[in-house]
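Source file: input-v4.pdb; contents: PDB, C-alpha atoms and all ligand atoms.
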```pdb
ATOM      1  CA  MET A  20     161.382 -69.913 -75.073  1.00  0.00           C
ATOM      2  CA  LYS A  21     162.143 -69.432 -78.736  1.00  0.00           C
ATOM      3  CA  VAL A  22     159.853 -71.231 -81.129  1.00  0.00           C
ATOM      4  CA  ASP A  23     161.521 -72.584 -84.227  1.00  0.00           C
ATOM      5  CA  THR A  24     158.882 -72.450 -86.929  1.00  0.00           C
ATOM      6  CA  ARG A  25     160.886 -74.766 -89.154  1.00  0.00           C
ATOM      7  CA  LYS A  26     160.946 -77.356 -86.397  1.00  0.00           C
ATOM      8  CA  ALA A  27     157.262 -76.853 -85.591  1.00  0.00           C
ATOM      9  CA  PHE A  28     156.281 -77.588 -89.163  1.00  0.00           C
ATOM     10  CA  GLY A  29     159.103 -80.016 -89.759  1.00  0.00           C
ATOM     11  CA  ALA A  30     161.663 -79.884 -92.518  1.00  0.00           C
ATOM     12  CA  ARG A  31     163.453 -82.502 -94.546  1.00  0.00           C
ATOM     13  CA  GLU A  32     166.525 -82.351 -96.662  1.00  0.00           C
ATOM     14  CA  CYS A  33     166.108 -82.532-100.398  1.00  0.00           C
ATOM     15  CA  PRO A  34     168.180 -85.493-101.671  1.00  0.00           C
ATOM     16  CA  ALA A  35     168.706 -83.744-104.987  1.00  0.00           C
ATOM     17  CA  CYS A  36     170.002 -80.315-103.906  1.00  0.00           C
ATOM     18  CA  ALA A  37     170.442 -80.775-100.108  1.00  0.00           C
ATOM     19  CA  CYS A  38     168.356 -77.729 -99.224  1.00  0.00           C
ATOM     20  CA  GLU A  39     165.740 -77.795 -96.460  1.00  0.00           C
ATOM     21  CA  VAL A  40     162.175 -78.249 -97.660  1.00  0.00           C
ATOM     22  CA  PRO A  41     159.145 -77.813 -95.364  1.00  0.00           C
ATOM     23  CA  ALA A  42     157.595 -81.182 -94.508  1.00  0.00           C
ATOM     24  CA  ASN A  43     154.196 -80.038 -95.774  1.00  0.00           C
ATOM     25  CA  ASN A  44     155.738 -79.298 -99.165  1.00  0.00           C
ATOM     26  CA  ASN A  45     155.918 -82.392-101.362  1.00  0.00           C
ATOM     27  CA  ARG A  46     158.035 -80.667-103.995  1.00  0.00           C
ATOM     28  CA  CYS A  47     161.368 -78.943-103.544  1.00  0.00           C
ATOM     29  CA  PRO A  48     160.933 -75.235-104.409  1.00  0.00           C
ATOM     30  CA  ILE A  49     164.577 -75.001-105.504  1.00  0.00           C
ATOM     31  CA  CYS A  50     165.077 -77.918-107.889  1.00  0.00           C
ATOM     32  CA  GLY A  51     161.554 -79.333-108.192  1.00  0.00           C
ATOM     33  CA  TYR A  52     162.410 -82.717-106.675  1.00  0.00           C
ATOM     34  CA  HIS A  53     159.222 -84.618-105.902  1.00  0.00           C
ATOM     35  CA  PHE A  54     159.184 -86.289-102.501  1.00  0.00           C
ATOM     36  CA  PRO A  55     157.566 -89.733-102.454  1.00  0.00           C
ATOM     37  CA  ALA A  56     154.346 -89.670-100.426  1.00  0.00           C
ATOM     38  CA  PRO A  57     154.145 -92.049 -97.448  1.00  0.00           C
ATOM     39  CA  SER A  58     152.634 -95.245 -98.741  1.00  0.00           C
ATOM     40  CA  THR A  59     149.221 -96.338 -97.513  1.00  0.00           C
ATOM     41  CA  THR A  60     150.580 -99.826 -96.802  1.00  0.00           C
ATOM     42  CA  GLN A  61     152.884 -98.371 -94.158  1.00  0.00           C
ATOM     43  CA  ARG A  62     149.912 -96.661 -92.526  1.00  0.00           C
ATOM     44  CA  ASN A  63     147.883 -99.872 -92.729  1.00  0.00           C
ATOM     45  CA  MET A  64     150.699-101.804 -91.065  1.00  0.00           C
ATOM     46  CA  LYS A  65     150.608 -99.374 -88.149  1.00  0.00           C
ATOM     47  CA  LEU A  66     146.826 -99.757 -87.891  1.00  0.00           C
ATOM     48  CA  TRP A  67     147.048-103.559 -87.969  1.00  0.00           C
ATOM     49  CA  GLY A  68     149.789-103.504 -85.366  1.00  0.00           C
ATOM     50  CA  ALA A  69     147.574-101.468 -83.051  1.00  0.00           C
ATOM     51  CA  LEU A  70     144.598-103.788 -83.669  1.00  0.00           C
ATOM     52  CA  ILE A  71     146.673-106.905 -82.964  1.00  0.00           C
ATOM     53  CA  MET A  72     148.007-105.366 -79.745  1.00  0.00           C
ATOM     54  CA  LEU A  73     144.427-104.526 -78.710  1.00  0.00           C
ATOM     55  CA  GLY A  74     143.301-108.068 -79.529  1.00  0.00           C
ATOM     56  CA  LEU A  75     146.112-109.623 -77.473  1.00  0.00           C
ATOM     57  CA  PHE A  76     145.279-107.266 -74.610  1.00  0.00           C
ATOM     58  CA  LEU A  77     141.612-108.313 -74.684  1.00  0.00           C
ATOM     59  CA  ILE A  78     142.540-112.028 -74.855  1.00  0.00           C
ATOM     60  CA  LEU A  79     144.798-111.558 -71.825  1.00  0.00           C
ATOM     61  CA  ILE A  80     142.071-109.802 -69.827  1.00  0.00           C
ATOM     62  CA  LEU A  81     139.354-112.288 -70.809  1.00  0.00           C
ATOM     63  CA  GLY A  82     141.706-115.220 -70.242  1.00  0.00           C
ATOM     64  CA  LEU A  83     142.454-114.139 -66.685  1.00  0.00           C
ATOM     65  CA  ARG A  84     138.777-114.233 -65.700  1.00  0.00           C
TER      66      ARG A  84
HETATM   67 ZN    ZN A 101     165.915 -79.674-104.181  1.00  0.00          ZN
END
```

Structure encoded using structure tokens:
Amino acid sequence: MKVDTRKAFGARECPACACEVPANNNRCPICGYHFPAPSTTQRNMKLWGALIMLGLFLILILGLR
């Protein structure tokens, strides 16, 4: 099985020059385009979603007893 290192690390297309930039690189090495970092609010939303799901799960289990 061939391992694609670009896929393993992940790559995204630069919107400015359309070249592939490694996902761990926040700046395009060709044109210097700066990729916006993932916002903390998005991460918090995921965390809250997980907590709410856990809470509903617990309510269901406790409610059935
Ligand atoms: Zn670029």

(message) Taking all atoms listed in the file into account, which residues have an atom no farther than 9 Å from ligand ZN 101 (chain A)? I'd like them as a PyMOL selection string.
(response) chain A and resi 32-40+46-53

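Here CA of Leu83 in chain A and CA of Leu70 in chain A stand 20.0 Å from one another.
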
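Take CA of Pro41 in chain A and CA of Gly29 in chain A: the distance between them is 6.0 Å.
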
(message) So that I can check the surroundings of Ala56 in chain A, please list as a ChimeraX atom specification every protein, DNA and RNA residue that reaches within 12 Å of it, counting all atoms listed in the file and ignoring chain neighbours fewer than 4 positions away.
(response) /A:42-46,60-62

(message) For a test of reading the model, state the distance in Å between CA of Ala30 in chain A and CA of Lys65 in chain A, rounded to one decimal.
(response) 22.8 Å
